[in-house]
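Colleague: Got a structure for you, model_7.pdb, holding PDB, C-alpha atoms and all ligand atoms.
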```pdb
ATOM      1  CA  MET A   1    -137.301-102.734-113.080  1.00  0.00           C
ATOM      2  CA  PRO A   2    -140.808-102.746-114.643  1.00  0.00           C
ATOM      3  CA  LEU A   3    -142.259 -99.484-115.843  1.00  0.00           C
ATOM      4  CA  PRO A   4    -145.109 -98.061-113.739  1.00  0.00           C
ATOM      5  CA  PRO A   5    -148.448 -98.385-115.561  1.00  0.00           C
ATOM      6  CA  ASP A   6    -148.874 -94.630-115.698  1.00  0.00           C
ATOM      7  CA  GLU A   7    -145.398 -93.847-117.057  1.00  0.00           C
ATOM      8  CA  PRO A   8    -145.837 -90.561-119.023  1.00  0.00           C
ATOM      9  CA  ASP A   9    -145.133 -91.346-122.669  1.00  0.00           C
ATOM     10  CA  SER A  10    -146.018 -88.141-124.514  1.00  0.00           C
ATOM     11  CA  PRO A  11    -145.345 -84.415-124.086  1.00  0.00           C
ATOM     12  CA  GLU A  12    -148.959 -83.959-122.930  1.00  0.00           C
ATOM     13  CA  ALA A  13    -148.682 -86.797-120.408  1.00  0.00           C
ATOM     14  CA  ILE A  14    -145.451 -85.356-119.032  1.00  0.00           C
ATOM     15  CA  GLU A  15    -147.075 -81.951-118.684  1.00  0.00           C
ATOM     16  CA  ALA A  16    -150.044 -83.525-116.871  1.00  0.00           C
ATOM     17  CA  TRP A  17    -147.710 -85.515-114.596  1.00  0.00           C
ATOM     18  CA  ILE A  18    -145.794 -82.374-113.636  1.00  0.00           C
ATOM     19  CA  HIS A  19    -148.959 -80.344-113.131  1.00  0.00           C
ATOM     20  CA  GLU A  20    -150.609 -82.969-110.897  1.00  0.00           C
ATOM     21  CA  ARG A  21    -147.532 -83.611-108.755  1.00  0.00           C
ATOM     22  CA  MET A  22    -146.698 -79.929-108.323  1.00  0.00           C
ATOM     23  CA  ARG A  23    -150.288 -79.219-107.383  1.00  0.00           C
ATOM     24  CA  ALA A  24    -150.370 -82.070-104.858  1.00  0.00           C
ATOM     25  CA  HIS A  25    -147.238 -80.686-103.182  1.00  0.00           C
ATOM     26  CA  ASP A  26    -148.181 -77.006-103.373  1.00  0.00           C
ATOM     27  CA  ARG A  27    -148.162 -75.712 -99.805  1.00  0.00           C
ATOM     28  CA  PHE A  28    -149.961 -72.535-100.903  1.00  0.00           C
ATOM     29  CA  ALA A  29    -152.627 -74.198-103.060  1.00  0.00           C
ATOM     30  CA  ASP A  30    -155.340 -72.614-100.901  1.00  0.00           C
ATOM     31  CA  VAL A  31    -154.162 -69.119-101.858  1.00  0.00           C
ATOM     32  CA  TYR A  32    -153.900 -70.191-105.507  1.00  0.00           C
ATOM     33  CA  ASP A  33    -157.523 -71.384-105.389  1.00  0.00           C
ATOM     34  CA  ALA A  34    -158.670 -68.246-103.569  1.00  0.00           C
ATOM     35  CA  SER A  35    -157.011 -66.162-106.316  1.00  0.00           C
ATOM     36  CA  GLU A  36    -158.913 -68.043-109.016  1.00  0.00           C
ATOM     37  CA  ARG A  37    -162.211 -67.627-107.146  1.00  0.00           C
ATOM     38  CA  HIS A  38    -161.517 -63.948-106.560  1.00  0.00           C
ATOM     39  CA  ARG A  39    -160.953 -63.305-110.292  1.00  0.00           C
ATOM     40  CA  GLU A  40    -164.259 -64.926-111.176  1.00  0.00           C
ATOM     41  CA  GLU A  41    -166.072 -62.761-108.628  1.00  0.00           C
ATOM     42  CA  HIS A  42    -164.210 -59.495-109.246  1.00  0.00           C
ATOM     43  CA  GLY A  43    -165.068 -59.267-112.914  1.00  0.00           C
ATOM     44  CA  PRO A  44    -163.444 -58.932-116.312  1.00  0.00           C
ATOM     45  CA  GLU A  45    -161.076 -56.108-115.354  1.00  0.00           C
ATOM     46  CA  CYS A  46    -159.366 -58.306-112.766  1.00  0.00           C
ATOM     47  CA  THR A  47    -155.975 -59.729-113.792  1.00  0.00           C
ATOM     48  CA  VAL A  48    -155.293 -61.884-110.729  1.00  0.00           C
ATOM     49  CA  TYR A  49    -153.936 -64.919-112.525  1.00  0.00           C
ATOM     50  CA  PRO A  50    -151.826 -66.679-109.879  1.00  0.00           C
ATOM     51  CA  SER A  51    -148.443 -67.790-111.129  1.00  0.00           C
ATOM     52  CA  GLY A  52    -148.316 -71.258-112.648  1.00  0.00           C
ATOM     53  CA  SER A  53    -144.771 -71.513-111.322  1.00  0.00           C
ATOM     54  CA  GLY A  54    -144.988 -71.220-107.524  1.00  0.00           C
ATOM     55  CA  PRO A  55    -142.637 -74.108-106.741  1.00  0.00           C
ATOM     56  CA  VAL A  56    -140.258 -72.983-109.510  1.00  0.00           C
ATOM     57  CA  LEU A  57    -140.114 -69.516-107.978  1.00  0.00           C
ATOM     58  CA  GLY A  58    -139.492 -71.110-104.607  1.00  0.00           C
ATOM     59  CA  THR A  59    -136.636 -73.294-105.795  1.00  0.00           C
ATOM     60  CA  LEU A  60    -135.034 -70.343-107.585  1.00  0.00           C
ATOM     61  CA  ALA A  61    -135.295 -68.184-104.455  1.00  0.00           C
ATOM     62  CA  ALA A  62    -133.782 -70.985-102.373  1.00  0.00           C
ATOM     63  CA  ALA A  63    -131.028 -71.747-104.892  1.00  0.00           C
ATOM     64  CA  THR A  64    -129.932 -68.133-105.034  1.00  0.00           C
ATOM     65  CA  GLY A  65    -130.146 -67.692-101.254  1.00  0.00           C
ATOM     66  CA  ALA A  66    -132.184 -64.561-101.910  1.00  0.00           C
ATOM     67  CA  LYS A  67    -132.621 -62.301 -98.899  1.00  0.00           C
ATOM     68  CA  ARG A  68    -134.141 -59.204-100.461  1.00  0.00           C
ATOM     69  CA  ILE A  69    -136.804 -59.781-103.102  1.00  0.00           C
ATOM     70  CA  LEU A  70    -138.942 -57.384-105.131  1.00  0.00           C
ATOM     71  CA  GLU A  71    -142.138 -58.489-106.865  1.00  0.00           C
ATOM     72  CA  LEU A  72    -144.279 -56.571-109.353  1.00  0.00           C
ATOM     73  CA  GLY A  73    -147.877 -57.786-109.294  1.00  0.00           C
ATOM     74  CA  CYS A  74    -148.854 -59.165-105.888  1.00  0.00           C
ATOM     75  CA  GLY A  75    -152.378 -60.319-106.660  1.00  0.00           C
ATOM     76  CA  LEU A  76    -153.603 -62.161-103.577  1.00  0.00           C
ATOM     77  CA  GLY A  77    -150.060 -63.087-102.620  1.00  0.00           C
ATOM     78  CA  TYR A  78    -149.584 -66.622-103.972  1.00  0.00           C
ATOM     79  CA  SER A  79    -146.180 -66.098-105.585  1.00  0.00           C
ATOM     80  CA  ALA A  80    -144.956 -63.798-102.796  1.00  0.00           C
ATOM     81  CA  LEU A  81    -145.688 -66.575-100.290  1.00  0.00           C
ATOM     82  CA  TRP A  82    -143.602 -69.042-102.294  1.00  0.00           C
ATOM     83  CA  LEU A  83    -140.765 -66.513-102.540  1.00  0.00           C
ATOM     84  CA  ALA A  84    -140.895 -65.682 -98.837  1.00  0.00           C
ATOM     85  CA  PHE A  85    -141.145 -69.328 -97.778  1.00  0.00           C
ATOM     86  CA  ALA A  86    -138.154 -70.382 -99.872  1.00  0.00           C
ATOM     87  CA  SER A  87    -135.869 -67.395 -99.355  1.00  0.00           C
ATOM     88  CA  SER A  88    -133.319 -67.442 -96.569  1.00  0.00           C
ATOM     89  CA  PRO A  89    -134.817 -67.431 -93.019  1.00  0.00           C
ATOM     90  CA  ASP A  90    -134.303 -63.683 -92.701  1.00  0.00           C
ATOM     91  CA  GLY A  91    -135.470 -63.064 -96.298  1.00  0.00           C
ATOM     92  CA  ARG A  92    -137.884 -60.234 -97.053  1.00  0.00           C
ATOM     93  CA  VAL A  93    -140.264 -59.729 -99.981  1.00  0.00           C
ATOM     94  CA  GLU A  94    -141.566 -56.331-101.104  1.00  0.00           C
ATOM     95  CA  THR A  95    -144.468 -56.723-103.503  1.00  0.00           C
ATOM     96  CA  ILE A  96    -146.043 -53.962-105.602  1.00  0.00           C
ATOM     97  CA  GLU A  97    -149.802 -53.962-106.167  1.00  0.00           C
ATOM     98  CA  GLN A  98    -151.967 -51.224-107.685  1.00  0.00           C
ATOM     99  CA  ASP A  99    -155.380 -52.530-106.559  1.00  0.00           C
ATOM    100  CA  ASP A 100    -156.144 -51.788-102.915  1.00  0.00           C
ATOM    101  CA  GLY A 101    -158.658 -54.670-102.700  1.00  0.00           C
ATOM    102  CA  HIS A 102    -156.010 -57.139-103.877  1.00  0.00           C
ATOM    103  CA  ALA A 103    -153.494 -55.627-101.475  1.00  0.00           C
ATOM    104  CA  ALA A 104    -155.875 -56.020 -98.511  1.00  0.00           C
ATOM    105  CA  LEU A 105    -156.628 -59.661 -99.336  1.00  0.00           C
ATOM    106  CA  ALA A 106    -152.923 -60.375 -99.838  1.00  0.00           C
ATOM    107  CA  ARG A 107    -152.027 -58.881 -96.455  1.00  0.00           C
ATOM    108  CA  GLN A 108    -154.623 -61.172 -94.835  1.00  0.00           C
ATOM    109  CA  ASN A 109    -153.125 -64.160 -96.636  1.00  0.00           C
ATOM    110  CA  PHE A 110    -149.595 -63.266 -95.501  1.00  0.00           C
ATOM    111  CA  GLN A 111    -150.767 -62.981 -91.883  1.00  0.00           C
ATOM    112  CA  GLN A 112    -152.684 -66.256 -92.025  1.00  0.00           C
ATOM    113  CA  ALA A 113    -149.719 -68.109 -93.506  1.00  0.00           C
ATOM    114  CA  GLY A 114    -147.367 -66.727 -90.846  1.00  0.00           C
ATOM    115  CA  PHE A 115    -145.410 -64.468 -93.215  1.00  0.00           C
ATOM    116  CA  GLY A 116    -146.929 -61.129 -92.208  1.00  0.00           C
ATOM    117  CA  ASP A 117    -143.589 -59.852 -90.913  1.00  0.00           C
ATOM    118  CA  ARG A 118    -141.618 -60.942 -93.988  1.00  0.00           C
ATOM    119  CA  VAL A 119    -143.761 -59.616 -96.829  1.00  0.00           C
ATOM    120  CA  THR A 120    -144.554 -55.925 -97.364  1.00  0.00           C
ATOM    121  CA  VAL A 121    -147.191 -54.821 -99.850  1.00  0.00           C
ATOM    122  CA  LEU A 122    -146.365 -51.538-101.601  1.00  0.00           C
ATOM    123  CA  LEU A 123    -149.603 -50.024-102.857  1.00  0.00           C
ATOM    124  CA  GLY A 124    -149.291 -48.229-106.199  1.00  0.00           C
ATOM    125  CA  ARG A 125    -148.375 -48.645-109.843  1.00  0.00           C
ATOM    126  CA  ALA A 126    -145.058 -50.233-110.623  1.00  0.00           C
ATOM    127  CA  VAL A 127    -144.142 -47.457-113.026  1.00  0.00           C
ATOM    128  CA  ASP A 128    -144.424 -44.947-110.154  1.00  0.00           C
ATOM    129  CA  LEU A 129    -142.860 -47.040-107.401  1.00  0.00           C
ATOM    130  CA  LEU A 130    -139.896 -48.531-109.279  1.00  0.00           C
ATOM    131  CA  PRO A 131    -138.042 -45.220-109.725  1.00  0.00           C
ATOM    132  CA  ILE A 132    -138.067 -44.620-105.957  1.00  0.00           C
ATOM    133  CA  ARG A 133    -136.830 -48.084-104.944  1.00  0.00           C
ATOM    134  CA  THR A 134    -133.216 -48.444-103.970  1.00  0.00           C
ATOM    135  CA  GLY A 135    -131.254 -51.634-104.427  1.00  0.00           C
ATOM    136  CA  PRO A 136    -129.612 -53.946-104.175  1.00  0.00           C
ATOM    137  CA  TYR A 137    -132.144 -56.745-104.574  1.00  0.00           C
ATOM    138  CA  ASP A 138    -131.122 -60.385-104.888  1.00  0.00           C
ATOM    139  CA  LEU A 139    -134.163 -61.366-106.910  1.00  0.00           C
ATOM    140  CA  ILE A 140    -136.890 -59.529-108.843  1.00  0.00           C
ATOM    141  CA  PHE A 141    -140.059 -61.260-110.029  1.00  0.00           C
ATOM    142  CA  CYS A 142    -141.998 -59.297-112.640  1.00  0.00           C
ATOM    143  CA  ASP A 143    -145.613 -60.498-112.893  1.00  0.00           C
ATOM    144  CA  SER A 144    -147.662 -57.350-113.517  1.00  0.00           C
ATOM    145  CA  ASP A 145    -149.770 -56.397-116.532  1.00  0.00           C
ATOM    146  CA  ILE A 146    -147.530 -56.057-119.584  1.00  0.00           C
ATOM    147  CA  ASP A 147    -148.621 -52.660-120.869  1.00  0.00           C
ATOM    148  CA  GLU A 148    -145.848 -50.835-118.988  1.00  0.00           C
ATOM    149  CA  TYR A 149    -143.037 -53.403-119.317  1.00  0.00           C
ATOM    150  CA  GLY A 150    -141.142 -50.926-121.505  1.00  0.00           C
ATOM    151  CA  ALA A 151    -140.497 -48.714-118.479  1.00  0.00           C
ATOM    152  CA  TYR A 152    -139.181 -51.458-116.194  1.00  0.00           C
ATOM    153  CA  LEU A 153    -135.975 -52.911-117.588  1.00  0.00           C
ATOM    154  CA  ASP A 154    -133.578 -50.040-116.829  1.00  0.00           C
ATOM    155  CA  HIS A 155    -134.800 -50.106-113.221  1.00  0.00           C
ATOM    156  CA  PHE A 156    -134.345 -53.873-112.955  1.00  0.00           C
ATOM    157  CA  VAL A 157    -130.744 -53.531-114.130  1.00  0.00           C
ATOM    158  CA  ARG A 158    -130.201 -50.664-111.663  1.00  0.00           C
ATOM    159  CA  LEU A 159    -131.816 -52.484-108.713  1.00  0.00           C
ATOM    160  CA  LEU A 160    -130.313 -55.995-109.047  1.00  0.00           C
ATOM    161  CA  ARG A 161    -127.019 -56.813-107.399  1.00  0.00           C
ATOM    162  CA  PRO A 162    -124.367 -58.394-109.636  1.00  0.00           C
ATOM    163  CA  GLY A 163    -125.348 -62.054-109.830  1.00  0.00           C
ATOM    164  CA  GLY A 164    -128.938 -61.200-108.918  1.00  0.00           C
ATOM    165  CA  LEU A 165    -131.802 -62.915-110.709  1.00  0.00           C
ATOM    166  CA  LEU A 166    -134.628 -61.356-112.730  1.00  0.00           C
ATOM    167  CA  ILE A 167    -137.606 -63.643-113.368  1.00  0.00           C
ATOM    168  CA  THR A 168    -140.087 -62.279-115.889  1.00  0.00           C
ATOM    169  CA  SER A 169    -143.547 -63.664-116.504  1.00  0.00           C
ATOM    170  CA  ASN A 170    -146.341 -62.836-118.965  1.00  0.00           C
ATOM    171  CA  LEU A 171    -144.066 -62.547-122.013  1.00  0.00           C
ATOM    172  CA  PHE A 172    -146.131 -64.782-124.322  1.00  0.00           C
ATOM    173  CA  LEU A 173    -149.726 -63.776-123.615  1.00  0.00           C
ATOM    174  CA  GLY A 174    -150.487 -63.780-127.347  1.00  0.00           C
ATOM    175  CA  ARG A 175    -151.285 -67.482-126.952  1.00  0.00           C
ATOM    176  CA  TYR A 176    -154.429 -66.448-125.047  1.00  0.00           C
ATOM    177  CA  SER A 177    -155.541 -63.480-127.172  1.00  0.00           C
ATOM    178  CA  LEU A 178    -153.978 -61.085-129.655  1.00  0.00           C
ATOM    179  CA  GLU A 179    -156.223 -58.357-128.204  1.00  0.00           C
ATOM    180  CA  ILE A 180    -154.418 -58.168-124.848  1.00  0.00           C
ATOM    181  CA  PRO A 181    -153.064 -54.609-124.363  1.00  0.00           C
ATOM    182  CA  GLY A 182    -149.269 -54.420-124.304  1.00  0.00           C
ATOM    183  CA  LEU A 183    -148.283 -57.389-126.493  1.00  0.00           C
ATOM    184  CA  GLY A 184    -145.966 -55.056-128.419  1.00  0.00           C
ATOM    185  CA  GLN A 185    -144.285 -53.964-125.178  1.00  0.00           C
ATOM    186  CA  ALA A 186    -143.822 -57.589-124.129  1.00  0.00           C
ATOM    187  CA  ALA A 187    -142.286 -58.400-127.530  1.00  0.00           C
ATOM    188  CA  ALA A 188    -139.848 -55.489-127.274  1.00  0.00           C
ATOM    189  CA  TYR A 189    -138.977 -56.496-123.691  1.00  0.00           C
ATOM    190  CA  ARG A 190    -138.242 -60.074-124.816  1.00  0.00           C
ATOM    191  CA  ASP A 191    -135.768 -58.760-127.349  1.00  0.00           C
ATOM    192  CA  ARG A 192    -134.209 -56.277-124.942  1.00  0.00           C
ATOM    193  CA  ILE A 193    -133.453 -58.842-122.218  1.00  0.00           C
ATOM    194  CA  LEU A 194    -131.688 -60.974-124.828  1.00  0.00           C
ATOM    195  CA  ARG A 195    -129.622 -58.071-126.198  1.00  0.00           C
ATOM    196  CA  GLU A 196    -128.896 -56.317-122.866  1.00  0.00           C
ATOM    197  CA  GLN A 197    -125.155 -56.734-122.222  1.00  0.00           C
ATOM    198  CA  ARG A 198    -125.607 -56.605-118.436  1.00  0.00           C
ATOM    199  CA  LEU A 199    -127.972 -59.602-118.406  1.00  0.00           C
ATOM    200  CA  LEU A 200    -127.631 -63.248-119.331  1.00  0.00           C
ATOM    201  CA  THR A 201    -131.089 -64.516-120.303  1.00  0.00           C
ATOM    202  CA  ALA A 202    -132.706 -67.892-120.893  1.00  0.00           C
ATOM    203  CA  PHE A 203    -136.366 -68.564-121.709  1.00  0.00           C
ATOM    204  CA  LEU A 204    -138.146 -71.556-120.177  1.00  0.00           C
ATOM    205  CA  ARG A 205    -140.761 -73.488-122.134  1.00  0.00           C
ATOM    206  CA  GLY A 206    -143.438 -72.596-119.593  1.00  0.00           C
ATOM    207  CA  GLY A 207    -142.966 -68.949-120.539  1.00  0.00           C
ATOM    208  CA  LEU A 208    -140.731 -67.561-117.780  1.00  0.00           C
ATOM    209  CA  ALA A 209    -137.578 -65.668-118.679  1.00  0.00           C
ATOM    210  CA  LEU A 210    -134.610 -65.964-116.319  1.00  0.00           C
ATOM    211  CA  SER A 211    -132.014 -63.193-116.502  1.00  0.00           C
ATOM    212  CA  VAL A 212    -128.871 -63.011-114.357  1.00  0.00           C
ATOM    213  CA  ARG A 213    -127.394 -59.563-113.718  1.00  0.00           C
ATOM    214  CA  LYS A 214    -123.736 -59.694-114.745  1.00  0.00           C
TER     215      LYS A 214
HETATM  216  C1  LIG B   1    -150.807 -61.780-112.796  1.00  0.00           C
HETATM  217  S1  LIG B   1    -151.454 -61.014-111.330  1.00  0.00           S
HETATM  218  C2  LIG B   1    -150.195 -61.349-110.145  1.00  0.00           C
HETATM  219  C3  LIG B   1    -150.300 -62.737-109.589  1.00  0.00           C
HETATM  220  C4  LIG B   1    -149.379 -63.010-108.424  1.00  0.00           C
HETATM  221  N1  LIG B   1    -147.999 -62.719-108.746  1.00  0.00           N
HETATM  222  C5  LIG B   1    -149.558 -64.453-107.998  1.00  0.00           C
HETATM  223  O1  LIG B   1    -148.773 -65.313-108.424  1.00  0.00           O
HETATM  224  O2  LIG B   1    -150.532 -64.727-107.320  1.00  0.00           O
HETATM  225  C6  LIG B   1    -151.177 -59.315-111.660  1.00  0.00           C
HETATM  226  C7  LIG B   1    -151.437 -58.396-110.464  1.00  0.00           C
HETATM  227  O3  LIG B   1    -150.685 -57.234-110.671  1.00  0.00           O
HETATM  228  C8  LIG B   1    -151.455 -56.093-110.470  1.00  0.00           C
HETATM  229  N2  LIG B   1    -150.914 -55.131-111.423  1.00  0.00           N
HETATM  230  C9  LIG B   1    -151.029 -55.178-112.773  1.00  0.00           C
HETATM  231  N3  LIG B   1    -150.334 -54.198-113.342  1.00  0.00           N
HETATM  232  C10 LIG B   1    -149.769 -53.491-112.332  1.00  0.00           C
HETATM  233  C11 LIG B   1    -148.931 -52.356-112.283  1.00  0.00           C
HETATM  234  N4  LIG B   1    -148.552 -51.747-113.401  1.00  0.00           N
HETATM  235  N5  LIG B   1    -148.516 -51.914-111.074  1.00  0.00           N
HETATM  236  C12 LIG B   1    -148.900 -52.554-109.936  1.00  0.00           C
HETATM  237  N6  LIG B   1    -149.699 -53.636-109.927  1.00  0.00           N
HETATM  238  C13 LIG B   1    -150.120 -54.110-111.103  1.00  0.00           C
HETATM  239  C14 LIG B   1    -152.880 -56.515-110.738  1.00  0.00           C
HETATM  240  O4  LIG B   1    -153.807 -55.723-110.013  1.00  0.00           O
HETATM  241  C15 LIG B   1    -152.870 -57.959-110.287  1.00  0.00           C
HETATM  242  O5  LIG B   1    -153.210 -58.046-108.925  1.00  0.00           O
HETATM  243 ZN    ZN B   2    -159.352 -58.625-108.591  1.00  0.00          ZN
END
```
Could I get this file's structure written as structure tokens?
Ligand SMILES: C[S@@+](CC[C@H](N)C(=O)[O-])C[C@H]1O[C@@H](n2cnc3c(N)ncnc32)[C@H](O)[C@@H]1O
Ligand SMILES: [Zn+2]

Modeller:
Amino acid sequence: MPLPPDEPDSPEAIEAWIHERMRAHDRFADVYDASERHREEHGPECTVYPSGSGPVLGTLAAATGAKRILELGCGLGYSALWLAFASSPDGRVETIEQDDGHAALARQNFQQAGFGDRVTVLLGRAVDLLPIRTGPYDLIFCDSDIDEYGAYLDHFVRLLRPGGLLITSNLFLGRYSLEIPGLGQAAAYRDRILREQRLLTAFLRGGLALSVRK
């Protein structure tokens, strides 16, 4: 069979191929785009960077049959929509967000996408809300600012069911700037999830860490 003329033949071309195809098939691309526009308008303090891994999050939620999901860092709801869409039909997502403007926009997005009854926004800081959550959760997605990551891991281990999946984002932000607050916390967290006996961890090239609760 002849090769297609646009067969990707370099790491960059493969990355572009994946990016274009995932984007073309992203059912929540409108919320992704709205998140990008919002960040531009909100100003430099805004950290609404929608996940670059929506379909990956979705396939992981579907593969694990997750029914109860916790997210840290809702933004405008892009990743929570992927998680809710792909979880089991009675799956529920609780998503923590500290900014009430982001939370309000996310709630609108959940309603508009038909997931208003399956996603709950918990308004507050993760470091305050995590200690009062009770498990078990099937899946936790950590996508908040990194400056408090040091306080999270014990709670993740406590809250995940055995076999549950922890997906951690934002662990290599040094590629963007060495001035980002919390790089030291992210570095310590990377080491801890590798050493933690109750987790089995793998890092993906895109920057996500996947950790299964033993
Ligand atoms: C990277 S964005 C989340 C993007 C979102 N997961 C998505 O894919 O669209 C980070 C969000 O987390 C919120 N946030 C950051 N640190 C937080 C914290 N410690 N507690 C609660 N929310 C936090 C920010 O206000 C921002 O909306
Ligand atoms: Zn914002």

Colleague: I'd like the residues picked by the PyMOL selection byres (((not hetatm)) within 10 of (chain B and resi 2)) written out as a list in words, using the chain letters and numbers from the file.

Modeller: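 This file, filtered by the PyMOL selection byres (((not hetatm)) within 10 of (chain B and resi 2)), leaves Ser35, Glu36, Arg37, His38, Arg39, Glu40, Glu41, His42, Gly43, Pro44, Glu45, Cys46, Thr47, Val48, Tyr49, Gly75, Leu76, Asp99, Asp100, Gly101, His102, Ala103 and Leu105 of chain A.
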
Colleague: Got a sec to check which residues lie within 9 Å of ligand LIG 1 (chain B), using only C-alpha atoms and all ligand atoms, and send them as number ranges by chain?

Modeller: A: 31-32, 35, 46-54, 71-82, 95-103, 106, 122-129, 141-149, 169-170

Colleague: Taking the file as shown, what set of residues would the PyMOL selection byres (((chain A and resi 191) around 12) and not hetatm) give back, as a PDB file with C-alpha atoms, in the frame of the given file?

Modeller:
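Dumped to out-v1.pdb:
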```
ATOM      1  CA  GLY A 150    -141.142 -50.926-121.505  1.00  0.00           C
ATOM      2  CA  LEU A 153    -135.975 -52.911-117.588  1.00  0.00           C
ATOM      3  CA  LEU A 171    -144.066 -62.547-122.013  1.00  0.00           C
ATOM      4  CA  GLY A 184    -145.966 -55.056-128.419  1.00  0.00           C
ATOM      5  CA  GLN A 185    -144.285 -53.964-125.178  1.00  0.00           C
ATOM      6  CA  ALA A 186    -143.822 -57.589-124.129  1.00  0.00           C
ATOM      7  CA  ALA A 187    -142.286 -58.400-127.530  1.00  0.00           C
ATOM      8  CA  ALA A 188    -139.848 -55.489-127.274  1.00  0.00           C
ATOM      9  CA  TYR A 189    -138.977 -56.496-123.691  1.00  0.00           C
ATOM     10  CA  ARG A 190    -138.242 -60.074-124.816  1.00  0.00           C
ATOM     11  CA  ARG A 192    -134.209 -56.277-124.942  1.00  0.00           C
ATOM     12  CA  ILE A 193    -133.453 -58.842-122.218  1.00  0.00           C
ATOM     13  CA  LEU A 194    -131.688 -60.974-124.828  1.00  0.00           C
ATOM     14  CA  ARG A 195    -129.622 -58.071-126.198  1.00  0.00           C
ATOM     15  CA  GLU A 196    -128.896 -56.317-122.866  1.00  0.00           C
ATOM     16  CA  GLN A 197    -125.155 -56.734-122.222  1.00  0.00           C
ATOM     17  CA  LEU A 199    -127.972 -59.602-118.406  1.00  0.00           C
ATOM     18  CA  THR A 201    -131.089 -64.516-120.303  1.00  0.00           C
ATOM     19  CA  ALA A 202    -132.706 -67.892-120.893  1.00  0.00           C
ATOM     20  CA  PHE A 203    -136.366 -68.564-121.709  1.00  0.00           C
ATOM     21  CA  ALA A 209    -137.578 -65.668-118.679  1.00  0.00           C
TER      22      ALA A 209
END
```

Colleague: Measure the distance from atom CA of Ala86 of chain A to atom CA of Ala61 of chain A in Å and round it to one decimal.

Modeller: 5.8 Å

Colleague: For Leu83 of chain A, which residue among A:Leu139, A:Ala104, A:Val212, A:Ile18 is the nearest when counting only C-alpha atoms?

Modeller: A:Leu139

Colleague: Would you kindly identify which residues have an atom no farther than 12 Å from (-134.9, -44.2, -108.2), using all atoms listed in the file and the file's own coordinates, and write them out as a PyMOL selection string?

Modeller: chain A and resi 127-136+152+154-159

Colleague: As an exercise, work out the distance from atom CA of Pro162 of chain A to atom CA of Ala66 of chain A in Å and give it to one decimal place.

Modeller: 12.6 Å

Colleague: Quick one, how far is atom CA of Leu166 of chain A from atom CA of Glu179 of chain A?

Modeller: 26.7 Å

Colleague: Between A:Gly116, A:Pro11, A:Gly164, A:Pro5, which has the minimum distance to Arg68 of chain A (counting all atoms listed in the file)?

Modeller: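 So, comparing all the options, the nearest one is A:Gly164.
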
Colleague: For a quick check of understanding, using all atoms listed in the file, which of A:Lys67, A:Arg175, A:Arg161, A:Arg118 has the smallest distance to Lys214 of chain A?

Modeller: A:Arg161

Colleague: Restricting the calculation to all atoms listed in the file: of A:His19, A:Arg198, A:Ala62, A:Gly182, which residue gets closest to Ala151 of chain A?

Modeller: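 Looking at the shortest contact to Ala151 of chain A, the residue is A:Gly182.
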